[in-house]
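The file coords-v3.txt contains compact mmCIF, C-alpha atoms:
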```
# COMPACT_ATOMS: atom_id res chain seq x y z
CA LEU B 1302 -96.02 19.09 2.83
CA GLY B 1303 -93.93 22.04 1.73
CA GLU B 1304 -94.46 24.00 4.95
CA PRO B 1305 -90.90 24.44 6.28
CA GLY B 1306 -91.94 27.24 8.65
CA ARG B 1307 -94.34 25.04 10.59
CA ALA B 1308 -91.83 22.17 10.43
CA PHE B 1309 -89.19 24.43 11.97
CA GLN B 1310 -91.52 25.36 14.83
CA ALA B 1311 -92.26 21.71 15.57
CA TYR B 1312 -88.62 20.66 15.47
CA ASP B 1313 -87.74 23.63 17.66
CA ARG B 1314 -90.32 22.56 20.27
CA ALA B 1315 -88.88 19.04 20.12
CA THR B 1316 -85.40 20.33 20.96
CA ALA B 1317 -86.88 22.18 23.95
CA VAL B 1318 -88.52 19.01 25.21
CA ASP B 1319 -85.39 16.86 24.85
CA LEU B 1320 -81.98 18.46 24.32
CA GLN B 1321 -80.47 15.02 23.70
CA TYR B 1322 -82.73 14.01 20.79
CA ALA B 1323 -80.46 14.31 17.74
CA PRO B 1324 -83.09 13.96 14.96
CA ALA B 1325 -84.83 17.12 16.21
CA PHE B 1326 -81.68 19.19 15.59
CA LEU B 1327 -81.14 17.55 12.19
CA GLY B 1328 -84.72 18.33 11.17
CA ARG B 1329 -84.48 21.90 12.43
CA GLY B 1330 -81.33 22.47 10.40
CA ARG B 1331 -82.97 21.16 7.24
CA ALA B 1332 -86.07 23.29 7.79
CA ARG B 1333 -83.94 26.35 8.51
CA LEU B 1334 -82.20 25.98 5.14
CA LEU B 1335 -85.52 25.57 3.31
CA ILE B 1336 -86.83 28.78 4.87
CA ASP B 1337 -83.70 30.77 4.03
CA ALA B 1338 -81.24 29.51 1.42
CA ASN B 1339 -78.57 31.80 2.92
CA ALA B 1340 -78.97 30.41 6.43
CA ASP B 1341 -76.19 28.39 8.04
CA PRO B 1342 -77.59 25.10 9.37
CA THR B 1343 -74.28 23.63 10.46
CA GLY B 1344 -74.84 24.48 14.13
CA ASP B 1345 -77.85 22.17 14.21
CA TYR B 1346 -76.16 19.49 12.12
CA LEU B 1347 -73.04 19.40 14.28
CA THR B 1348 -75.14 19.37 17.44
CA ALA B 1349 -76.98 16.33 16.10
CA ILE B 1350 -73.65 14.64 15.34
CA HIS B 1351 -72.33 15.45 18.81
CA ILE B 1352 -75.41 13.91 20.44
CA ASP B 1353 -75.49 10.86 18.17
CA PRO B 1354 -72.22 10.19 16.30
CA ASN B 1355 -73.92 7.35 14.42
CA LEU B 1356 -76.60 9.55 12.84
CA ILE B 1357 -75.34 9.21 9.26
CA GLU B 1358 -78.03 11.51 7.84
CA ALA B 1359 -76.56 14.39 9.83
CA TYR B 1360 -73.14 13.87 8.25
CA LEU B 1361 -74.71 13.77 4.80
CA ALA B 1362 -76.75 16.91 5.39
CA ALA B 1363 -73.67 18.75 6.63
CA SER B 1364 -71.66 17.45 3.66
CA ASP B 1365 -74.27 18.71 1.23
CA TYR B 1366 -74.16 22.16 2.80
CA TYR B 1367 -70.36 22.34 2.87
CA ALA B 1368 -70.21 21.22 -0.79
CA SER B 1369 -72.76 23.84 -1.84
CA LYS B 1370 -70.53 26.52 -0.28
CA ARG B 1371 -67.28 24.90 -1.50
CA LEU B 1372 -66.10 24.57 2.11
CA TRP B 1373 -64.01 21.56 1.26
CA LEU B 1374 -61.62 21.75 4.22
CA ALA B 1375 -64.49 21.86 6.71
CA MET B 1376 -66.13 18.92 4.97
CA ASP B 1377 -62.87 16.98 4.91
CA THR B 1378 -62.20 17.66 8.59
CA MET B 1379 -65.69 16.66 9.75
CA LEU B 1380 -65.73 13.38 7.82
CA GLN B 1381 -62.17 12.45 8.70
CA GLN B 1382 -62.91 12.96 12.37
CA ALA B 1383 -65.99 10.77 12.09
CA ILE B 1384 -64.04 7.97 10.41
CA ASP B 1385 -61.19 8.26 12.91
CA SER B 1386 -63.71 7.91 15.74
CA GLY B 1387 -65.02 4.63 14.32
CA VAL B 1388 -67.95 5.75 12.17
CA THR B 1389 -66.98 3.91 8.99
CA GLU B 1390 -70.11 3.86 6.84
CA PRO B 1391 -69.07 3.51 3.14
CA ILE B 1392 -70.96 6.66 2.13
CA LEU B 1393 -68.78 8.73 4.47
CA TYR B 1394 -65.64 7.55 2.66
CA ILE B 1395 -67.22 8.47 -0.67
CA ARG B 1396 -68.15 11.94 0.54
CA LEU B 1397 -64.65 12.30 2.01
CA SER B 1398 -63.28 11.45 -1.43
CA GLN B 1399 -65.29 14.35 -2.87
CA ALA B 1400 -63.82 16.78 -0.36
CA GLN B 1401 -60.28 15.50 -0.93
CA TYR B 1402 -60.67 15.70 -4.71
CA ASN B 1403 -61.70 19.34 -4.52
CA ARG B 1404 -58.70 20.01 -2.27
CA ASN B 1405 -56.51 18.51 -5.03
CA LEU B 1406 -55.56 15.57 -2.82
CA PHE B 1407 -56.08 13.15 -5.66
CA GLN B 1408 -54.33 10.04 -4.30
CA GLU B 1409 -56.15 10.39 -0.97
CA SER B 1410 -59.39 10.91 -2.90
CA LEU B 1411 -58.84 7.69 -4.83
CA ASP B 1412 -58.02 5.73 -1.67
CA SER B 1413 -61.19 6.96 0.06
CA ALA B 1414 -63.35 6.30 -3.01
CA ILE B 1415 -62.08 2.74 -3.37
CA GLU B 1416 -62.61 2.09 0.34
CA GLY B 1417 -66.19 3.32 0.25
CA SER B 1418 -67.22 1.90 -3.10
CA GLY B 1419 -65.56 -1.42 -2.44
CA ASN B 1420 -67.45 -1.87 0.83
CA ASP B 1421 -70.79 -0.98 -0.77
CA PRO B 1422 -70.82 -1.23 -4.57
CA THR B 1423 -74.53 -0.32 -4.66
CA ILE B 1424 -73.76 3.35 -3.92
CA LEU B 1425 -73.72 5.13 -7.26
CA GLU B 1426 -71.67 8.07 -6.00
CA GLY B 1427 -68.80 5.67 -5.48
CA TYR B 1428 -68.37 4.96 -9.18
CA LEU B 1429 -68.22 8.68 -9.95
CA ALA B 1430 -65.70 9.25 -7.16
CA VAL B 1431 -63.44 6.40 -8.29
CA GLY B 1432 -63.51 7.40 -11.96
CA ARG B 1433 -62.95 11.07 -11.24
CA ALA B 1434 -59.94 10.35 -9.01
CA TYR B 1435 -58.34 7.97 -11.51
CA LEU B 1436 -58.71 10.63 -14.21
CA ALA B 1437 -57.11 13.29 -12.00
CA LEU B 1438 -54.17 10.93 -11.43
CA HIS B 1439 -53.88 10.36 -15.22
CA ILE B 1440 -54.68 6.66 -14.86
CA ASP B 1441 -57.07 7.14 -17.73
CA SER B 1442 -57.89 3.57 -18.73
CA ALA B 1443 -58.95 2.72 -15.16
CA ALA B 1444 -61.29 5.73 -15.08
CA LEU B 1445 -63.46 4.62 -17.98
CA TRP B 1446 -65.42 1.67 -16.56
CA PRO B 1447 -66.52 3.36 -13.30
CA LEU B 1448 -67.68 6.44 -15.22
CA GLN B 1449 -69.53 4.32 -17.79
CA THR B 1450 -71.21 2.48 -14.93
CA TYR B 1451 -72.21 5.71 -13.22
CA THR B 1452 -73.74 7.24 -16.35
CA ALA B 1453 -75.52 3.96 -17.16
CA TYR B 1454 -77.43 4.08 -13.87
CA GLN B 1455 -77.48 7.87 -13.40
CA PRO B 1456 -78.06 9.15 -16.96
CA SER B 1457 -79.66 12.41 -15.79
CA ASP B 1458 -76.50 13.75 -14.10
CA PRO B 1459 -74.63 16.15 -16.41
CA GLN B 1460 -71.54 16.01 -14.20
CA GLY B 1461 -71.08 12.32 -14.90
CA TRP B 1462 -71.29 12.81 -18.66
CA ALA B 1463 -68.85 15.75 -18.57
CA ILE B 1464 -66.26 13.72 -16.68
CA LEU B 1465 -66.81 10.72 -18.95
CA ALA B 1466 -66.19 13.03 -21.94
CA ARG B 1467 -62.80 13.96 -20.49
CA ALA B 1468 -61.99 10.29 -19.97
CA TYR B 1469 -62.75 9.48 -23.60
CA LEU B 1470 -60.60 12.42 -24.69
CA ALA B 1471 -57.71 11.26 -22.51
CA LEU B 1472 -57.90 7.89 -24.27
CA GLY B 1473 -57.96 9.57 -27.70
CA ASP B 1474 -61.61 8.91 -28.57
CA THR B 1475 -62.91 12.32 -29.59
CA THR B 1476 -66.07 10.90 -31.18
CA LEU B 1477 -67.45 9.31 -28.02
CA GLY B 1478 -66.05 12.20 -26.01
CA LEU B 1479 -68.01 14.71 -28.05
CA GLU B 1480 -71.20 12.65 -27.70
CA ALA B 1481 -70.78 12.52 -23.93
CA ALA B 1482 -70.14 16.27 -23.72
CA GLU B 1483 -73.22 16.96 -25.85
CA ARG B 1484 -75.35 14.82 -23.53
CA ALA B 1485 -74.05 16.79 -20.57
CA LEU B 1486 -74.96 20.09 -22.22
CA ALA B 1487 -78.39 18.83 -23.23
CA LEU B 1488 -79.04 18.16 -19.52
CA ASN B 1489 -77.51 21.45 -18.35
CA ASP B 1490 -76.62 24.17 -20.85
CA ARG B 1491 -74.78 26.06 -18.11
CA SER B 1492 -72.39 23.28 -17.15
CA SER B 1493 -68.90 24.77 -17.05
CA ALA B 1494 -67.34 21.29 -16.89
CA ALA B 1495 -69.20 20.21 -20.02
CA TYR B 1496 -68.12 23.31 -21.97
CA LEU B 1497 -64.52 22.71 -20.88
CA ALA B 1498 -64.71 19.09 -22.00
CA ARG B 1499 -66.21 20.02 -25.38
CA GLY B 1500 -63.67 22.82 -25.81
CA TYR B 1501 -60.75 20.42 -25.34
CA ILE B 1502 -62.35 17.91 -27.69
CA ARG B 1503 -62.92 20.58 -30.36
CA ALA B 1504 -59.31 21.75 -30.05
CA ALA B 1505 -58.09 18.18 -30.44
CA SER B 1506 -60.31 17.81 -33.51
CA GLY B 1507 -59.02 21.02 -35.16
CA ASP B 1508 -62.00 23.27 -34.40
CA ASN B 1509 -60.05 25.81 -32.40
CA LEU B 1510 -62.45 28.71 -32.96
CA GLY B 1511 -65.27 26.56 -31.62
CA ALA B 1512 -63.05 25.60 -28.70
CA LEU B 1513 -62.48 29.26 -27.82
CA GLN B 1514 -66.24 29.82 -27.75
CA ASP B 1515 -66.67 26.86 -25.41
CA PHE B 1516 -63.94 28.10 -23.10
CA GLU B 1517 -65.63 31.48 -22.93
CA ARG B 1518 -68.89 29.84 -21.89
CA ALA B 1519 -67.03 27.71 -19.36
CA GLU B 1520 -65.59 30.90 -17.87
CA GLN B 1521 -69.03 32.51 -17.84
CA TYR B 1522 -70.67 29.68 -15.90
CA GLY B 1523 -67.77 28.45 -13.78
CA THR B 1524 -64.64 29.50 -11.98
CA GLN B 1525 -61.16 30.26 -13.26
CA SER B 1526 -58.90 27.22 -13.26
CA PHE B 1527 -55.87 25.65 -14.88
CA ASP B 1528 -58.13 23.83 -17.32
CA LEU B 1529 -59.70 27.08 -18.47
CA PHE B 1530 -56.51 29.08 -19.07
CA TYR B 1531 -54.59 26.16 -20.55
CA GLY B 1532 -57.52 25.50 -22.88
CA TYR B 1533 -57.47 29.11 -24.09
CA ALA B 1534 -53.69 28.92 -24.58
CA LYS B 1535 -53.88 25.62 -26.43
CA ALA B 1536 -56.52 26.83 -28.89
CA TYR B 1537 -54.63 30.07 -29.59
CA PHE B 1538 -51.38 28.13 -30.06
CA ASN B 1539 -53.06 25.80 -32.54
CA LEU B 1540 -54.25 28.89 -34.45
CA GLY B 1541 -50.71 30.26 -34.57
CA GLN B 1542 -51.61 33.18 -32.29
CA TYR B 1543 -48.69 32.91 -29.89
CA ALA B 1544 -49.08 36.18 -27.99
CA PRO B 1545 -52.52 35.40 -26.51
CA ALA B 1546 -51.39 31.81 -25.96
CA HIS B 1547 -48.48 33.10 -23.91
CA THR B 1548 -50.69 35.53 -21.99
CA ASN B 1549 -53.00 32.73 -20.83
CA LEU B 1550 -50.16 30.47 -19.74
CA GLY B 1551 -49.25 32.82 -16.87
CA PRO B 1552 -52.58 32.35 -15.05
CA ALA B 1553 -52.56 28.68 -16.07
CA LEU B 1554 -49.33 28.24 -14.11
CA ALA B 1555 -50.74 30.23 -11.19
CA ASN B 1556 -53.71 27.86 -11.04
CA ALA B 1557 -51.74 24.64 -11.57
CA VAL B 1558 -52.22 22.18 -8.71
CA ASP B 1559 -49.41 19.73 -9.41
CA ASP B 1560 -46.19 19.19 -11.35
CA TRP B 1561 -48.07 17.51 -14.19
CA GLN B 1562 -50.09 20.62 -14.95
CA LYS B 1563 -47.09 22.94 -14.51
CA GLY B 1564 -45.10 20.80 -16.92
CA GLU B 1565 -47.79 21.00 -19.59
CA ALA B 1566 -47.89 24.79 -19.27
CA TYR B 1567 -44.10 25.16 -19.46
CA ALA B 1568 -44.01 22.90 -22.52
CA LEU B 1569 -46.66 24.86 -24.38
CA ARG B 1570 -44.99 28.16 -23.50
CA ALA B 1571 -41.62 26.85 -24.72
CA LEU B 1572 -43.19 25.75 -28.00
CA ALA B 1573 -44.79 29.17 -28.39
CA PHE B 1574 -41.41 30.86 -27.90
CA GLU B 1575 -39.83 28.53 -30.47
CA SER B 1576 -42.61 29.31 -32.94
CA THR B 1577 -42.36 33.11 -32.88
CA ASP B 1578 -40.58 34.96 -35.66
CA PRO B 1579 -37.77 35.22 -34.85
CA PRO B 1580 -37.71 32.36 -32.32
CA ALA B 1581 -37.03 33.33 -28.70
CA ARG B 1582 -34.41 30.62 -28.17
CA GLY B 1583 -33.36 31.72 -24.68
CA ASP B 1584 -36.90 31.83 -23.32
CA ALA B 1585 -37.67 28.45 -24.84
CA ILE B 1586 -34.57 26.94 -23.21
CA ALA B 1587 -35.55 28.43 -19.84
CA ASN B 1588 -39.05 26.94 -19.97
CA TRP B 1589 -37.83 23.51 -21.05
CA SER B 1590 -35.30 23.62 -18.19
CA TRP B 1591 -37.94 24.57 -15.62
CA LEU B 1592 -40.05 21.67 -16.85
CA LEU B 1593 -37.23 19.22 -16.22
CA ASP B 1594 -37.00 20.48 -12.64
CA LEU B 1595 -40.51 19.09 -12.00
CA PRO B 1596 -40.27 15.45 -10.87
CA GLY B 1597 -44.00 14.93 -11.28
CA ALA B 1598 -44.26 16.16 -14.86
CA SER B 1599 -45.60 13.82 -17.52
CA PRO B 1600 -42.89 11.36 -18.69
CA GLU B 1601 -43.81 12.06 -22.32
CA THR B 1602 -43.52 15.81 -21.78
CA ARG B 1603 -40.16 15.41 -20.02
CA THR B 1604 -38.88 13.42 -22.99
CA MET B 1605 -40.05 16.16 -25.35
CA ALA B 1606 -38.23 18.74 -23.20
CA GLU B 1607 -34.98 16.79 -23.38
CA GLN B 1608 -35.25 16.50 -27.16
CA HIS B 1609 -35.92 20.20 -27.64
CA LEU B 1610 -33.12 21.21 -25.28
CA ASP B 1611 -30.69 19.00 -27.20
CA ALA B 1612 -31.71 20.66 -30.45
CA LEU B 1613 -31.60 24.20 -29.06
CA ALA B 1614 -28.36 23.84 -27.12
CA GLY B 1615 -26.69 21.84 -29.84
CA GLY B 1616 -27.12 24.50 -32.48
CA GLY B 1617 -29.79 22.61 -34.36
CA PRO B 1618 -32.88 24.17 -35.86
CA THR B 1619 -34.22 26.96 -33.69
CA ARG B 1620 -37.67 26.86 -35.17
CA THR B 1621 -39.48 23.55 -34.99
CA PRO B 1622 -42.68 22.64 -36.81
CA ARG B 1623 -45.66 23.57 -34.67
CA PRO B 1624 -46.88 20.26 -33.23
CA SER B 1625 -50.46 19.38 -32.49
CA LEU B 1626 -50.31 18.46 -28.84
CA THR B 1627 -52.90 16.13 -27.39
CA PRO B 1628 -54.70 18.01 -24.63
CA THR B 1629 -54.13 16.50 -21.24
CA SER B 1630 -56.93 15.91 -18.77
CA PRO B 1631 -56.03 17.65 -15.49
CA VAL B 1632 -57.15 17.03 -12.33
CA THR B 1633 -61.47 20.12 -10.19
CA PRO B 1634 -73.18 15.20 -18.07
CA ALA B 1635 -79.24 14.98 -22.93
CA SER B 1636 -81.10 12.77 -24.52
CA PRO B 1637 -81.40 9.30 -22.97
CA THR B 1638 -81.82 7.86 -26.44
CA SER B 1639 -78.44 8.92 -27.82
CA THR B 1640 -75.66 6.35 -27.58
CA VAL B 1641 -72.34 7.38 -26.09
CA ALA B 1642 -70.71 4.04 -25.62
CA ALA B 1643 -71.47 0.41 -25.03
CA THR B 1644 -73.03 0.57 -21.61
CA PRO B 1645 -71.59 -1.89 -19.10
CA THR B 1646 -73.80 -3.96 -16.87
CA PRO B 1647 -72.27 -4.04 -13.40
CA THR B 1648 -72.97 -6.99 -11.15
CA PRO B 1649 -74.51 -5.03 -8.24
CA THR B 1650 -77.68 -3.08 -8.94
CA PRO B 1651 -77.29 0.31 -7.31
CA SER B 1652 -80.06 1.98 -5.28
CA GLY B 1653 -70.57 31.41 -30.96
CA ALA B 1654 -69.28 34.47 -29.02
CA GLN B 1655 -65.89 36.11 -29.09
CA PRO B 1656 -63.23 35.29 -26.52
CA SER B 1657 -63.46 37.35 -23.38
CA PRO B 1658 -60.89 40.03 -22.46
CA THR B 1659 -59.21 37.59 -20.07
CA ALA B 1660 -58.27 35.43 -23.02
CA GLY B 1661 -55.31 37.69 -23.79
CA PRO B 1662 -54.22 40.48 -26.13
CA SER B 1663 -54.54 40.62 -29.87
CA PRO B 1664 -52.39 38.27 -31.93
CA THR B 1665 -50.05 41.13 -32.80
CA ALA B 1666 -49.03 41.79 -29.20
CA THR B 1667 -45.38 41.32 -28.37
CA ILE B 1668 -44.37 38.33 -26.28
CA LEU B 1669 -42.17 39.46 -23.43
CA PRO B 1670 -39.31 37.27 -22.20
CA THR B 1671 -40.20 35.20 -19.18
CA ALA B 1672 -38.50 35.63 -15.87
CA GLU B 1673 -37.49 32.75 -13.68
CA PRO B 1674 -40.65 31.45 -12.01
CA THR B 1675 -41.43 32.39 -8.45
CA GLU B 1676 -43.39 30.31 -5.99
CA THR B 1677 -47.07 31.00 -6.49
CA PRO B 1678 -49.69 29.76 -4.01
CA TRP B 1679 -51.82 27.09 -5.60
CA VAL B 1680 -55.44 28.03 -6.11
CA TYR B 1681 -57.85 25.35 -4.98
CA ARG B 1682 -60.87 24.84 -7.16
```
Please rewrite the model in this file as C-alpha cells.
Amino acid sequence: LGEPGRAFQAYDRATAVDLQYAPAFLGRGRARLLIDANADPTGDYLTAIHIDPNLIEAYLAASDYYASKRLWLAMDTMLQQAIDSGVTEPILYIRLSQAQYNRNLFQESLDSAIEGSGNDPTILEGYLAVGRAYLALHIDSAALWPLQTYTAYQPSDPQGWAILARAYLALGDTTLGLEAAERALALNDRSSAAYLARGYIRAASGDNLGALQDFERAEQYGTQSFDLFYGYAKAYFNLGQYAPAHTNLGPALANAVDDWQKGEAYALRALAFESTDPPARGDAIANWSWLLDLPGASPETRTMAEQHLDALAGGGPTRTPRPSLTPTSPVTPASPTSTVAATPTPTPTPSGAQPSPTAGPSPTATILPTAEPTETPWVYR
C-alpha cells in the first residue's frame, strides 16, 4: 500500500514474537530500505538467510543491495557460500555470474552463467549474463544469440541493448550496432554503457568528433574505465592528434583488467609514437616489446607487434601509414518499433560538447618518451 513505515513496525513486532521466523527479517530489511534509501538492510537479510538458508528471496534482496552499492566481493562471497552449502537454485548462479563479471573474473562468470541458465532457461537474466561473459572473453560470435534473445523478451532494458551494440561492433556490423546503441539511449539518455558503445561505433565509422562527444557523456554519467580512456585515445589517434592519444593511454593501461586490454593500449601507443614527426622509433620498439611480453594479448595484435618490430629493428621504414584499427570490445539498451536485428525465437518462454580536461592536452603538446612500465594495481569497475 505504499506505507513502508507501518510495514516496518509490523515486521518488527513479528521478529519480537518469533526470532526464528526468517520472512519477518526479510520484510523488515525491505521496509527499512524503502524508508531510507541510505539505510543498510544487510543485517536483516543475512539474519533471514542464517535462519532459513533456503529462503531464496533473501539472497536476491541482498544481491540487489550489494549490486546497487557495487559491493561485488561481498555479493560474490555470500552467493558462493550459499552454493557451496548446497543451495543451488539457478538464479543464484546467475547472480553470482554478475558479481564475478564485475570483479573481472570473466571465465568464472561465464561458467556460473551457463550453469544457471542451462538449469533454468526461462530466467531472462541468464541470457544477459551468458552473452556479457562471452563478449568479455572475446568469444564474440557466441555472445550474439543470448543477447538477441534477452533484448527480444526484455526490450525495455537499456543495458541489454548497449551490450548487444558492443557485440555487433565486435563482429564488424556497425549498422546494427548503431541501431542497438540508439535504442539504449532512447530508453535511458544517461546510460554510460550506451554512450561508450555508440562512441566506439562512431570511431569505427569515421565520425571521430562525434565519438569524442559520446565518450565525454559516458564519463559524465559513468565511471572511469579502460573502455573510456582507450576510446578517447582511439578517436584522437584517428584524428592524427597523437599527443592527447598518448595522454589517455596512460590511464587506459592503469585501468586495464587483463593482458588483452594492456596489449591493445601498448599497440595504439606504439603506433602513435611511429606516427609522430619525427617518429619516436625507440619508444615504439619498447611498446611493441612490452606487448609481446603479454601472453594473453590478442593473437592479431601480437602478430602486428612482430611485424612492426621486424620493420623497425631491420632498418625499414620508420614511419608507417596510420592504420584504422578496429576497436576491440573489452571486458565492466528506445523505440520498440525500430528494428535492430532479426529477433530469434527461443524455445523456452521466459517469465555535441567538447572533450573534457581529462581527455588530454592540446594536439600540439609534446609526447614524452615512455619509461618501462611498472606494476599498477588493476582498478575494478
**Prompt:** Taking (-66.5, 15.7, -3.0) in the file's coordinates, which residues come within 10 Å, counting all atoms listed in the file, written as a VMD selection string?
**Reply:** chain B and resid 1364 to 1365 1367 to 1368 1371 1373 1376 to 1377 1394 to 1404 1410 1414 1426 1430 1633
**Item:** Shell of 8 Å around Ala1468 of chain B, only C-alpha atoms, local chain residues under 2 positions omitted, as an NGL selection string
**Value:** :B and (1436 or 1441-1442 or 1444-1445 or 1464-1466 or 1470-1472 or 1478 or 1630)
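Atom CA of Gly1306 of chain B to atom CA of Asp1319 of chain B spans 20.3 Å [interatomic distance, one decimal].
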**Neighbours of point (-54.0, 20.1, -21.5) within 12 Å, using all atoms listed in the file, written as a PyMOL selection string** = chain B and resi 1439+1467+1470-1471+1497-1498+1500-1502+1504-1505+1526-1536+1550+1553-1554+1557+1561-1569+1599+1602+1625-1632
**Request:** Pick out the closest residue to Ser1369 of chain B from this set: B:Gly1551, B:Thr1316, B:Tyr1454, B:Ala1338. Count all atoms listed in the file.
**Result:** B:Ala1338
**Asked** With all atoms listed in the file as the basis for distance, which of B:Tyr1346, B:Tyr1469, B:Trp1589, B:Tyr1435 is at the shortest distance from Met1605 of chain B?
**Response** B:Trp1589
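Closest approach to Pro1456 of chain B among B:Ala1485, B:Leu1513, B:Ala1494, B:Ala1546 is made by B:Ala1485 (distances from all atoms listed in the file).
Going from atom CA of Leu1613 of chain B over to atom CA of Glu1601 of chain B, you cover 18.5 Å.
For the choices B:Thr1476, B:Gln1525, B:Phe1326, B:Asn1420, the atom-to-atom distance to Pro1552 of chain B is smallest for B:Gln1525 when using all atoms listed in the file.
For Gly1387 of chain B, the set of protein, DNA and RNA residues having any atom at most 10 Å away, when counting all atoms listed in the file and skipping those fewer than 3 positions along the same chain, is B:Pro1354, B:Asn1355, B:Gln1382, B:Ala1383, B:Ile1384, B:Glu1390.
For the residues B:Leu1406, B:Ala1359, B:Leu1448, B:Ala1453, ranking by smallest atom-to-atom distance to Leu1347 of chain B using only C-alpha atoms places B:Ala1359 first.
The spacing separating atom CA of Glu1409 of chain B from atom CA of Leu1593 of chain B amounts to 25.9 Å.
With all atoms listed in the file as the atoms that count, the minimum distance from Asp1560 of chain B to the choices B:Leu1438, B:Gly1541, B:Ser1506, B:Ser1492 is reached by B:Leu1438.
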